[in-house]
file data.csv (CSV, C-alpha atoms)
chain,number,residue,atom,x,y,z
A,1,MET,CA,-3.5,44.4,-9.4
A,2,THR,CA,-0.4,44.2,-7.2
A,3,THR,CA,-0.8,46.2,-3.9
A,4,GLY,CA,1.0,46.5,-0.6
A,5,PRO,CA,4.8,46.6,0.3
A,6,ARG,CA,5.4,43.0,-0.8
A,7,GLY,CA,3.8,43.6,-4.2
A,8,PHE,CA,5.9,46.8,-4.6
A,9,GLN,CA,9.0,44.8,-3.7
A,10,ARG,CA,8.2,42.1,-6.3
A,11,ALA,CA,7.5,44.7,-9.0
A,12,LEU,CA,10.8,46.5,-8.1
A,13,SER,CA,12.7,43.2,-8.4
A,14,ARG,CA,11.2,42.5,-11.8
A,15,GLY,CA,12.1,45.9,-13.0
A,16,ILE,CA,15.8,45.9,-11.9
A,17,PRO,CA,18.2,43.5,-13.7
A,18,ARG,CA,19.8,41.1,-11.3
A,19,ARG,CA,23.3,42.4,-12.1
A,20,ASN,CA,22.3,45.9,-11.0
A,21,ARG,CA,20.4,45.1,-7.8
A,22,THR,CA,23.5,45.4,-5.6
A,23,LEU,CA,24.4,48.8,-7.1
A,24,VAL,CA,20.8,50.0,-6.5
A,25,ALA,CA,20.8,48.8,-2.9
A,26,LEU,CA,24.1,50.6,-2.2
A,27,VAL,CA,22.9,53.8,-3.8
A,28,ALA,CA,19.8,53.7,-1.7
A,29,PHE,CA,21.9,53.0,1.4
A,30,THR,CA,24.2,55.9,0.6
A,31,LEU,CA,21.2,58.2,0.1
A,32,VAL,CA,19.7,57.3,3.5
A,33,LEU,CA,23.1,58.0,5.2
A,34,THR,CA,23.4,61.3,3.3
A,35,VAL,CA,19.9,62.4,4.3
A,36,ALA,CA,20.7,61.5,7.9
A,37,ILE,CA,23.8,63.6,7.8
A,38,LEU,CA,21.9,66.5,6.3
A,39,VAL,CA,19.1,66.3,8.8
A,40,TRP,CA,21.2,65.7,11.9
A,41,PRO,CA,24.6,67.1,11.0
A,42,THR,CA,25.7,67.2,14.7
A,43,VAL,CA,24.7,63.6,15.3
A,44,ALA,CA,25.4,61.6,12.1
A,45,PRO,CA,29.1,61.6,11.3
A,46,LEU,CA,30.6,62.1,7.8
A,47,THR,CA,32.6,58.9,8.3
A,48,ALA,CA,29.4,56.9,8.0
A,49,LEU,CA,29.8,57.1,4.3
A,50,VAL,CA,32.9,54.8,4.6
A,51,VAL,CA,30.5,51.8,5.1
A,52,PRO,CA,28.9,51.9,1.6
A,53,LEU,CA,32.3,52.7,0.1
A,54,LEU,CA,33.8,49.6,1.7
A,55,LEU,CA,30.8,47.4,0.6
A,56,GLY,CA,31.0,48.8,-2.9
A,57,SER,CA,34.7,48.0,-3.2
A,58,ILE,CA,33.9,44.3,-2.3
A,59,LEU,CA,30.6,43.7,-4.1
A,60,LEU,CA,30.5,45.8,-7.2
A,61,SER,CA,31.8,44.9,-10.6
A,62,PRO,CA,34.7,47.0,-12.1
A,63,ARG,CA,32.3,48.8,-14.4
A,64,GLN,CA,29.9,49.8,-11.7
A,65,LEU,CA,32.4,50.7,-9.0
A,66,PRO,CA,33.9,53.9,-10.5
A,67,TRP,CA,30.4,55.4,-11.0
A,68,PHE,CA,29.4,54.5,-7.5
A,69,VAL,CA,32.5,56.1,-6.1
A,70,VAL,CA,31.9,59.3,-8.0
A,71,PHE,CA,28.3,59.3,-6.8
A,72,LEU,CA,29.5,58.9,-3.2
A,73,MET,CA,31.9,61.7,-3.5
A,74,VAL,CA,29.0,64.0,-4.7
A,75,MET,CA,27.0,62.9,-1.6
A,76,LEU,CA,30.0,63.7,0.5
A,77,MET,CA,30.2,67.2,-0.9
A,78,LEU,CA,26.5,67.8,-0.1
A,79,ALA,CA,27.1,66.5,3.4
A,80,ILE,CA,30.1,68.8,3.9
A,81,GLY,CA,28.0,71.8,3.0
A,82,ARG,CA,25.6,71.1,5.8
A,83,GLN,CA,28.3,71.0,8.5
A,84,GLN,CA,27.7,73.8,10.9
A,85,GLU,CA,31.3,74.2,12.1
A,86,ILE,CA,34.4,73.1,10.1
A,87,GLN,CA,37.2,72.2,12.6
A,88,LEU,CA,40.6,70.8,11.9
A,89,ARG,CA,39.4,67.3,12.8
A,90,THR,CA,36.6,67.7,10.3
A,91,VAL,CA,39.1,68.8,7.6
A,92,ILE,CA,41.3,65.8,8.3
A,93,ALA,CA,38.3,63.4,8.2
A,94,ILE,CA,37.2,64.8,4.9
A,95,GLY,CA,40.7,64.5,3.5
A,96,ILE,CA,40.8,60.8,4.6
A,97,LEU,CA,37.4,60.1,3.1
A,98,TYR,CA,38.4,61.5,-0.3
A,99,LEU,CA,41.7,59.6,-0.1
A,100,LEU,CA,39.8,56.4,0.5
A,101,CYS,CA,37.6,57.2,-2.5
A,102,PHE,CA,40.7,57.7,-4.7
A,103,ILE,CA,42.3,54.4,-3.5
A,104,VAL,CA,39.1,52.5,-4.3
A,105,LEU,CA,38.8,54.2,-7.7
A,106,VAL,CA,42.4,53.3,-8.6
A,107,THR,CA,41.7,49.7,-7.4
A,108,SER,CA,38.6,49.5,-9.6
A,109,PHE,CA,40.7,50.5,-12.7
A,110,ARG,CA,43.1,47.7,-11.9
A,111,ARG,CA,40.3,45.2,-11.5
A,112,THR,CA,39.0,45.9,-15.0
A,113,ARG,CA,41.9,43.7,-16.2
A,114,LEU,CA,40.3,40.7,-14.5
A,115,GLY,CA,36.7,41.9,-15.2
A,116,VAL,CA,35.2,40.6,-11.9
A,117,ALA,CA,34.3,42.0,-8.5
A,118,GLY,CA,36.7,41.6,-5.5
A,119,VAL,CA,34.8,38.7,-3.9
A,120,LEU,CA,34.4,36.8,-7.1
A,121,GLY,CA,38.0,37.4,-8.1
A,122,GLU,CA,39.2,36.1,-4.8
A,123,SER,CA,37.0,33.0,-5.1
A,124,MET,CA,38.4,32.3,-8.5
A,125,LEU,CA,41.9,32.4,-7.1
A,126,VAL,CA,41.0,30.1,-4.3
A,127,ASP,CA,39.4,27.7,-6.8
A,128,LEU,CA,42.6,27.7,-8.9
A,129,ARG,CA,44.7,27.1,-5.8
A,130,ASP,CA,42.5,24.1,-4.8
A,131,ARG,CA,42.8,22.7,-8.4
A,132,ILE,CA,46.6,22.8,-8.0
A,133,GLN,CA,46.4,20.9,-4.8
A,134,GLN,CA,44.1,18.3,-6.3
A,135,GLN,CA,46.5,17.8,-9.2
A,136,GLY,CA,49.2,17.1,-6.7
A,137,GLY,CA,47.2,14.4,-5.0
A,138,ILE,CA,48.7,11.0,-5.1
A,139,PRO,CA,46.6,8.3,-6.8
A,140,THR,CA,45.4,5.2,-4.9
A,141,LEU,CA,48.3,2.8,-4.4
A,142,PRO,CA,48.7,-0.7,-3.0
A,143,PRO,CA,49.2,-0.9,0.8
A,144,SER,CA,52.9,-1.8,0.2
A,145,TRP,CA,53.6,1.8,-1.0
A,146,LEU,CA,53.6,5.1,0.9
A,147,VAL,CA,53.9,8.3,-1.1
A,148,GLU,CA,53.6,11.7,0.7
A,149,THR,CA,54.0,15.3,-0.5
A,150,ALA,CA,54.6,18.4,1.4
A,151,LEU,CA,54.7,22.0,0.1
A,152,ARG,CA,55.4,25.3,1.9
A,153,SER,CA,55.4,28.7,0.2
A,154,ALA,CA,57.6,31.7,0.9
A,155,GLY,CA,56.1,33.6,3.8
A,156,GLY,CA,53.4,31.1,4.3
A,157,THR,CA,51.1,32.3,1.5
A,158,PRO,CA,48.7,29.8,-0.2
A,159,PHE,CA,50.4,30.3,-3.6
A,160,ALA,CA,53.9,29.0,-4.4
A,161,GLY,CA,56.1,28.4,-7.4
A,162,ASP,CA,56.7,24.7,-6.4
A,163,PHE,CA,54.1,22.2,-7.3
A,164,VAL,CA,53.6,18.4,-7.8
A,165,VAL,CA,51.6,16.6,-10.4
A,166,ALA,CA,51.0,12.9,-10.2
A,167,THR,CA,49.1,10.3,-12.1
A,168,ARG,CA,48.7,6.5,-12.5
A,169,PRO,CA,47.8,5.8,-16.1
A,170,ARG,CA,44.9,3.4,-16.7
A,171,HIS,CA,45.8,-0.3,-17.3
A,172,SER,CA,49.3,0.5,-16.2
A,173,ASN,CA,51.4,-0.5,-13.2
A,174,ARG,CA,53.3,2.7,-13.2
A,175,LEU,CA,53.2,5.8,-11.0
A,176,GLU,CA,54.3,9.1,-12.6
A,177,ILE,CA,55.3,12.0,-10.4
A,178,ALA,CA,56.8,15.3,-11.4
A,179,LEU,CA,58.0,17.9,-9.0
A,180,VAL,CA,58.4,21.4,-10.6
A,181,ASP,CA,60.0,24.6,-9.3
A,182,VAL,CA,59.0,27.7,-11.3
A,183,SER,CA,61.3,30.7,-11.4
A,184,GLY,CA,60.5,33.2,-8.7
A,185,LYS,CA,58.8,32.4,-5.4
A,186,GLY,CA,55.5,33.0,-3.5
A,187,GLU,CA,52.8,34.9,-5.3
A,188,GLN,CA,55.2,36.1,-8.0
A,189,ALA,CA,55.6,32.5,-9.3
A,190,GLY,CA,52.1,31.3,-8.2
A,191,THR,CA,50.3,32.5,-11.3
A,192,ARG,CA,52.8,30.7,-13.6
A,193,ALA,CA,52.6,27.6,-11.5
A,194,LEU,CA,48.8,27.6,-11.9
A,195,LEU,CA,49.1,27.5,-15.6
A,196,LEU,CA,52.0,25.0,-15.7
A,197,SER,CA,50.4,22.6,-13.3
A,198,GLY,CA,47.4,22.1,-15.6
A,199,ALA,CA,49.6,21.7,-18.7
A,200,PHE,CA,52.1,19.4,-17.1
A,201,GLY,CA,49.3,17.4,-15.5
A,202,GLY,CA,47.9,16.8,-19.0
A,203,LEU,CA,51.3,15.7,-20.4
A,204,LEU,CA,52.2,13.5,-17.5
A,205,GLY,CA,51.1,9.9,-18.2
A,206,ALA,CA,49.8,10.8,-21.6
A,207,LEU,CA,53.4,10.5,-23.0
A,208,PRO,CA,56.1,7.9,-22.6
A,209,ALA,CA,58.3,8.6,-19.6
A,210,ALA,CA,61.2,9.5,-21.8
A,211,ASP,CA,59.2,12.2,-23.6
A,212,PHE,CA,57.6,14.1,-20.7
A,213,LEU,CA,60.4,16.6,-19.9
A,214,SER,CA,61.0,17.2,-23.6
A,215,ALA,CA,57.3,18.1,-24.1
A,216,ALA,CA,57.3,20.2,-21.0
A,217,ASN,CA,60.4,22.1,-22.3
A,218,ASP,CA,58.7,22.7,-25.6
A,219,TYR,CA,55.6,24.0,-23.9
A,220,LEU,CA,57.6,26.5,-21.8
A,221,LEU,CA,59.5,27.7,-24.9
A,222,ARG,CA,56.2,28.5,-26.6
A,223,GLN,CA,55.0,30.8,-23.8
A,224,SER,CA,57.8,33.4,-24.4
A,225,TRP,CA,57.6,34.6,-20.8
A,226,ASP,CA,60.2,37.0,-19.4
A,227,GLU,CA,60.9,34.6,-16.6
A,228,GLY,CA,59.8,31.5,-18.5
A,229,PHE,CA,62.1,28.8,-17.0
A,230,ALA,CA,61.5,26.1,-14.5
A,231,THR,CA,63.4,23.1,-13.0
A,232,ALA,CA,61.8,19.7,-12.6
A,233,VAL,CA,62.4,16.1,-11.6
A,234,HIS,CA,60.3,13.3,-13.0
A,235,LEU,CA,59.9,9.9,-11.4
A,236,SER,CA,58.5,7.0,-13.4
A,237,LEU,CA,58.0,4.0,-10.9
A,238,ASP,CA,56.8,0.5,-11.5
A,239,ILE,CA,54.8,-0.3,-8.4
A,240,GLY,CA,54.9,-4.0,-9.1
A,241,THR,CA,58.6,-4.5,-9.4
A,242,GLY,CA,59.9,-1.3,-7.8
A,243,GLU,CA,62.0,-0.4,-10.9
A,244,PHE,CA,62.2,3.3,-11.6
A,245,GLU,CA,63.6,5.9,-13.8
A,246,VAL,CA,64.4,9.5,-12.7
A,247,ARG,CA,65.1,12.4,-15.1
A,248,THR,CA,65.9,15.9,-14.0
A,249,ALA,CA,65.8,19.3,-15.7
A,250,GLY,CA,68.2,21.6,-13.9
A,251,HIS,CA,66.8,20.3,-10.6
A,252,PRO,CA,68.5,19.0,-7.5
A,253,PRO,CA,69.2,15.2,-7.7
A,254,SER,CA,66.9,12.6,-6.2
A,255,ALA,CA,68.1,10.6,-3.2
A,256,GLN,CA,67.5,6.9,-2.4
A,257,LEU,CA,67.7,5.1,0.9
A,258,THR,CA,68.9,1.5,0.7
A,259,ALA,CA,67.4,-0.1,3.7
A,260,GLY,CA,69.8,-3.1,3.7
A,261,ALA,CA,72.8,-0.9,3.9
A,262,GLY,CA,71.2,2.0,5.8
A,263,ARG,CA,72.8,4.5,3.4
A,264,TRP,CA,71.5,7.3,1.2
A,265,THR,CA,72.6,7.5,-2.4
A,266,VAL,CA,72.3,10.6,-4.6
A,267,HIS,CA,71.1,10.0,-8.2
A,268,ASP,CA,72.7,12.6,-10.5
A,269,ALA,CA,70.7,12.7,-13.7
A,270,GLU,CA,71.6,15.4,-16.3
A,271,GLY,CA,69.3,17.7,-18.1
A,272,PRO,CA,69.1,21.5,-18.8
A,273,VAL,CA,66.6,23.9,-17.2
A,274,LEU,CA,63.1,23.8,-18.8
A,275,GLY,CA,62.3,26.7,-21.2
A,276,LEU,CA,65.8,27.8,-22.2
A,277,ILE,CA,67.2,25.3,-24.8
A,278,GLU,CA,65.4,23.8,-27.8
A,279,ASP,CA,65.6,20.0,-28.5
A,280,ALA,CA,67.1,19.4,-25.0
A,281,ASP,CA,68.1,15.9,-23.9
A,282,PHE,CA,67.2,14.5,-20.5
A,283,SER,CA,69.2,11.4,-19.4
A,284,ALA,CA,67.7,8.9,-17.1
A,285,VAL,CA,69.0,7.2,-14.0
A,286,ALA,CA,67.5,3.8,-13.4
A,287,GLY,CA,67.2,1.8,-10.1
A,288,VAL,CA,65.0,-0.4,-8.0
A,289,VAL,CA,63.1,0.5,-4.8
A,290,ARG,CA,63.2,-2.7,-2.7
A,291,PRO,CA,61.1,-3.3,0.4
A,292,GLY,CA,62.2,-0.9,3.1
A,293,ASP,CA,63.8,1.5,0.6
A,294,ALA,CA,62.8,5.1,0.1
A,295,LEU,CA,63.1,7.9,-2.5
A,296,LEU,CA,63.2,11.7,-1.9
A,297,LEU,CA,62.4,14.3,-4.6
A,298,TYR,CA,62.8,17.9,-3.4
A,299,THR,CA,63.2,21.5,-4.6
A,300,ASP,CA,66.3,23.7,-4.0
A,301,GLY,CA,64.4,25.7,-1.3
A,302,LEU,CA,65.1,22.8,1.0
A,303,VAL,CA,68.8,22.5,0.4
A,304,GLU,CA,70.1,25.8,-0.9
A,305,THR,CA,70.5,29.2,1.0
A,306,PRO,CA,72.6,32.3,0.1
A,307,ARG,CA,75.2,31.2,2.7
A,308,ARG,CA,75.3,27.5,1.9
A,309,ASP,CA,75.8,25.8,-1.4
A,310,ILE,CA,73.5,23.0,-2.6
A,311,GLU,CA,75.9,20.1,-1.9
A,312,MET,CA,76.2,21.0,1.8
A,313,GLY,CA,72.4,21.4,1.9
A,314,ILE,CA,71.9,17.9,0.4
A,315,ASP,CA,74.3,16.5,3.1
A,316,ARG,CA,72.3,18.2,5.8
A,317,MET,CA,69.0,17.0,4.4
A,318,LEU,CA,70.2,13.4,4.3
A,319,GLY,CA,71.4,13.7,7.8
A,320,GLN,CA,68.0,15.0,9.0
A,321,SER,CA,66.4,12.2,7.0
A,322,GLU,CA,68.3,9.6,8.9
A,323,ARG,CA,67.1,11.2,12.2
A,324,LEU,CA,63.5,12.2,11.3
A,325,LEU,CA,62.5,9.1,9.3
A,326,ARG,CA,63.9,6.6,11.8
A,327,GLY,CA,61.2,4.3,13.1
A,328,THR,CA,58.4,5.4,10.8
A,329,PHE,CA,58.0,7.1,7.4
A,330,GLU,CA,54.4,8.2,8.0
A,331,GLY,CA,54.3,12.0,8.2
A,332,GLY,CA,57.9,12.1,7.2
A,333,ALA,CA,57.5,14.5,4.3
A,334,ASP,CA,56.0,17.2,6.6
A,335,ARG,CA,58.7,16.6,9.3
A,336,LEU,CA,61.5,17.1,6.8
A,337,VAL,CA,60.0,20.2,5.1
A,338,ASP,CA,59.4,21.8,8.5
A,339,ALA,CA,63.0,21.1,9.6
A,340,LEU,CA,64.8,22.2,6.5
A,341,GLY,CA,65.2,25.2,4.3
A,342,SER,CA,64.3,28.8,4.7
A,343,HIS,CA,60.8,30.1,5.4
A,344,ASN,CA,61.5,32.9,2.9
A,345,ASP,CA,61.7,30.4,0.0
A,346,ASP,CA,59.3,27.9,-1.5
A,347,ARG,CA,59.9,24.4,-0.4
A,348,ALA,CA,58.5,21.1,-1.6
A,349,LEU,CA,59.3,17.4,-1.1
A,350,VAL,CA,58.0,14.1,-2.3
A,351,LEU,CA,58.7,11.0,-0.1
A,352,VAL,CA,58.3,7.5,-1.7
A,353,HIS,CA,58.6,4.5,0.6
A,354,ARG,CA,58.1,0.8,-0.1
A,355,ARG,CA,57.0,-0.8,3.1
A,356,PRO,CA,58.8,-4.0,4.1
call {"tool": "encode", "arguments": {"input": "data.csv", "output": "structure tokens"}}
result
Amino acid sequence: MTTGPRGFQRALSRGIPRRNRTLVALVAFTLVLTVAILVWPTVAPLTALVVPLLLGSILLSPRQLPWFVVFLMVMLMLAIGRQQEIQLRTVIAIGILYLLCFIVLVTSFRRTRLGVAGVLGESMLVDLRDRIQQQGGIPTLPPSWLVETALRSAGGTPFAGDFVVATRPRHSNRLEIALVDVSGKGEQAGTRALLLSGAFGGLLGALPAADFLSAANDYLLRQSWDEGFATAVHLSLDIGTGEFEVRTAGHPPSAQLTAGAGRWTVHDAEGPVLGLIEDADFSAVAGVVRPGDALLLYTDGLVETPRRDIEMGIDRMLGQSERLLRGTFEGGADRLVDALGSHNDDRALVLVHRRP
């Protein structure tokens, strides 16, 4: 026979499903606070009920939260009836408490679309963000190659409409990199970028280089999004010979530094924006990255502003590149992104350098 406080606790745990234990604990906590207010109305404040309300909004599932808020509002009504003197400050405090309950209630209805509690939903978004960053990681390369990426979102938020996917197919000497700019910016484009990064990451390297942008275009067309377009630049690089092909889809042109001449060249490849035209063609620009040379892939957030067209922005970027990349290319991607573009727009850059 189970006896004592510990035995009672074990029996209680066995009798309450795991998914309901948090709700039961919060209900018990609310009852304790309500009893304290009823017994000591001049000592225990009504605002103490904000604590379980806040905990419930964080911990409870969307199905449990509305019922808990209604229960808490009933407890608040009981506590109000025990108040000895209703002053203006008390009326204002009661109004604020009911307003908070209403806000949490509305939030719970919105969360039913996701189906998870606040903490779990946030952890899911963080996990998705980390997966985007992992897909943008550059595969292991020979010491003669330096490839860096730098991304900044509008307003400094963790989610952006710009993303990078890269892969080095097995038994191949090629490095495949795609830099994509989804329509919109910041959190507005972040959800679409989450989906597209996974899809484009699967296509990249699985298809011949000439077919990647066409497949990406078909995928976007099938989504039927209201803002279902994106721009992209795709680099296919042979890390043995330095030969490369660049294809763009409505994206700013790539730029190449020729170390021997010390000059930057802009590679204008033609191709329509992804997600707008069926059976689109994407022409390639071919070249060679020789020892000491470098390539830049970037999004329009680095070179275009409302008061400056993209050609002037590219000239400014290349001027900054001559200054900031002089002497060493290590850390150059971060230096360029921090020096260029607007903090109110997503910015991304890929720097490829073949060491002498």
call {"tool": "closest_residue", "arguments": {"input": "data.csv", "among": "A:Pro272, A:Gly292, A:Pro45, A:Gly331", "to": "Pro252 of chain A", "atoms": "all atoms listed in the file"}}
result
A:Pro272
call {"tool": "residues_near_point", "arguments": {"input": "data.csv", "point": "(55.1, -1.9, -5.5)", "cutoff": "7 Å", "atoms": "all atoms listed in the file", "output": "mmCIF file with C-alpha atoms, in the coordinates of the input"}}
result
data_model
loop_
_atom_site.group_PDB
_atom_site.id
_atom_site.type_symbol
_atom_site.label_atom_id
_atom_site.label_comp_id
_atom_site.auth_asym_id
_atom_site.auth_seq_id
_atom_site.Cartn_x
_atom_site.Cartn_y
_atom_site.Cartn_z
ATOM 1 C CA PRO A 142 48.700 -0.700 -3.000
ATOM 2 C CA SER A 144 52.900 -1.800 0.200
ATOM 3 C CA TRP A 145 53.600 1.800 -1.000
ATOM 4 C CA ASP A 238 56.800 0.500 -11.500
ATOM 5 C CA ILE A 239 54.800 -0.300 -8.400
ATOM 6 C CA GLY A 240 54.900 -4.000 -9.100
ATOM 7 C CA THR A 241 58.600 -4.500 -9.400
ATOM 8 C CA GLY A 242 59.900 -1.300 -7.800
ATOM 9 C CA ARG A 354 58.100 0.800 -0.100
#
call {"tool": "atom_distance", "arguments": {"input": "data.csv", "atom1": "atom CA of Ala269 of chain A", "atom2": "atom CA of Arg247 of chain A"}}
result
5.8 Å
call {"tool": "closest_residue", "arguments": {"input": "data.csv", "among": "A:Pro143, A:Val51, A:Leu38, A:Arg82", "to": "Leu100 of chain A", "atoms": "all atoms listed in the file"}}
result
A:Val51
call {"tool": "residues_near_point", "arguments": {"input": "data.csv", "point": "(38.8, 62.6, 0.9)", "cutoff": "12 Å", "atoms": "all atoms listed in the file", "output": "PyMOL selection string"}}
result
chain A and resi 46-47+49-50+53+69-70+72-74+76-77+80+90-104
call {"tool": "write_last_selection", "arguments": {"input": "data.csv", "atoms": "C-alpha atoms", "output": "mmCIF file, in the coordinates of the input"}}
result
data_model
loop_
_atom_site.group_PDB
_atom_site.id
_atom_site.type_symbol
_atom_site.label_atom_id
_atom_site.label_comp_id
_atom_site.auth_asym_id
_atom_site.auth_seq_id
_atom_site.Cartn_x
_atom_site.Cartn_y
_atom_site.Cartn_z
ATOM 1 C CA LEU A 46 30.600 62.100 7.800
ATOM 2 C CA THR A 47 32.600 58.900 8.300
ATOM 3 C CA LEU A 49 29.800 57.100 4.300
ATOM 4 C CA VAL A 50 32.900 54.800 4.600
ATOM 5 C CA LEU A 53 32.300 52.700 0.100
ATOM 6 C CA VAL A 69 32.500 56.100 -6.100
ATOM 7 C CA VAL A 70 31.900 59.300 -8.000
ATOM 8 C CA LEU A 72 29.500 58.900 -3.200
ATOM 9 C CA MET A 73 31.900 61.700 -3.500
ATOM 10 C CA VAL A 74 29.000 64.000 -4.700
ATOM 11 C CA LEU A 76 30.000 63.700 0.500
ATOM 12 C CA MET A 77 30.200 67.200 -0.900
ATOM 13 C CA ILE A 80 30.100 68.800 3.900
ATOM 14 C CA THR A 90 36.600 67.700 10.300
ATOM 15 C CA VAL A 91 39.100 68.800 7.600
ATOM 16 C CA ILE A 92 41.300 65.800 8.300
ATOM 17 C CA ALA A 93 38.300 63.400 8.200
ATOM 18 C CA ILE A 94 37.200 64.800 4.900
ATOM 19 C CA GLY A 95 40.700 64.500 3.500
ATOM 20 C CA ILE A 96 40.800 60.800 4.600
ATOM 21 C CA LEU A 97 37.400 60.100 3.100
ATOM 22 C CA TYR A 98 38.400 61.500 -0.300
ATOM 23 C CA LEU A 99 41.700 59.600 -0.100
ATOM 24 C CA LEU A 100 39.800 56.400 0.500
ATOM 25 C CA CYS A 101 37.600 57.200 -2.500
ATOM 26 C CA PHE A 102 40.700 57.700 -4.700
ATOM 27 C CA ILE A 103 42.300 54.400 -3.500
ATOM 28 C CA VAL A 104 39.100 52.500 -4.300
#
call {"tool": "closest_residue", "arguments": {"input": "data.csv", "among": "A:Gly319, A:Gly205, A:Pro52, A:Pro253", "to": "Val266 of chain A", "atoms": "only C-alpha atoms"}}
result
A:Pro253
call {"tool": "closest_residue", "arguments": {"input": "data.csv", "among": "A:Gln84, A:Gln64, A:Ser183, A:Thr42", "to": "Arg21 of chain A", "atoms": "all atoms listed in the file"}}
result
A:Gln64
call {"tool": "atom_distance", "arguments": {"input": "data.csv", "atom1": "atom CA of Thr30 of chain A", "atom2": "atom CA of Ser108 of chain A"}}
result
18.8 Å
call {"tool": "residues_around", "arguments": {"input": "data.csv", "residues": "Trp264 of chain A", "least_positions_apart": "3", "cutoff": "10 Å", "atoms": "all atoms listed in the file", "output": "VMD selection string"}}
result
chain A and resid 255 to 259 261 267 293 to 296 315 318 to 319 321 to 322
call {"tool": "write_last_selection", "arguments": {"input": "data.csv", "atoms": "C-alpha atoms", "output": "PDB file, keeping the file's coordinate frame"}}
result
ATOM      1  CA  ALA A 255      68.100  10.600  -3.200  1.00  0.00           C
ATOM      2  CA  GLN A 256      67.500   6.900  -2.400  1.00  0.00           C
ATOM      3  CA  LEU A 257      67.700   5.100   0.900  1.00  0.00           C
ATOM      4  CA  THR A 258      68.900   1.500   0.700  1.00  0.00           C
ATOM      5  CA  ALA A 259      67.400  -0.100   3.700  1.00  0.00           C
ATOM      6  CA  ALA A 261      72.800  -0.900   3.900  1.00  0.00           C
ATOM      7  CA  HIS A 267      71.100  10.000  -8.200  1.00  0.00           C
ATOM      8  CA  ASP A 293      63.800   1.500   0.600  1.00  0.00           C
ATOM      9  CA  ALA A 294      62.800   5.100   0.100  1.00  0.00           C
ATOM     10  CA  LEU A 295      63.100   7.900  -2.500  1.00  0.00           C
ATOM     11  CA  LEU A 296      63.200  11.700  -1.900  1.00  0.00           C
ATOM     12  CA  ASP A 315      74.300  16.500   3.100  1.00  0.00           C
ATOM     13  CA  LEU A 318      70.200  13.400   4.300  1.00  0.00           C
ATOM     14  CA  GLY A 319      71.400  13.700   7.800  1.00  0.00           C
ATOM     15  CA  SER A 321      66.400  12.200   7.000  1.00  0.00           C
ATOM     16  CA  GLU A 322      68.300   9.600   8.900  1.00  0.00           C
TER      17      GLU A 322
END
call {"tool": "residues_around", "arguments": {"input": "data.csv", "residues": "Ile277 of chain A", "least_positions_apart": "3", "cutoff": "10 Å", "atoms": "all atoms listed in the file", "output": "PyMOL selection string"}}
result
chain A and resi 217-218+221+229+272-274+280-281
call {"tool": "closest_residue", "arguments": {"input": "data.csv", "among": "A:Ile314, A:Ala193, A:Leu237, A:Leu105", "to": "Ala160 of chain A", "atoms": "only C-alpha atoms"}}
result
A:Ala193
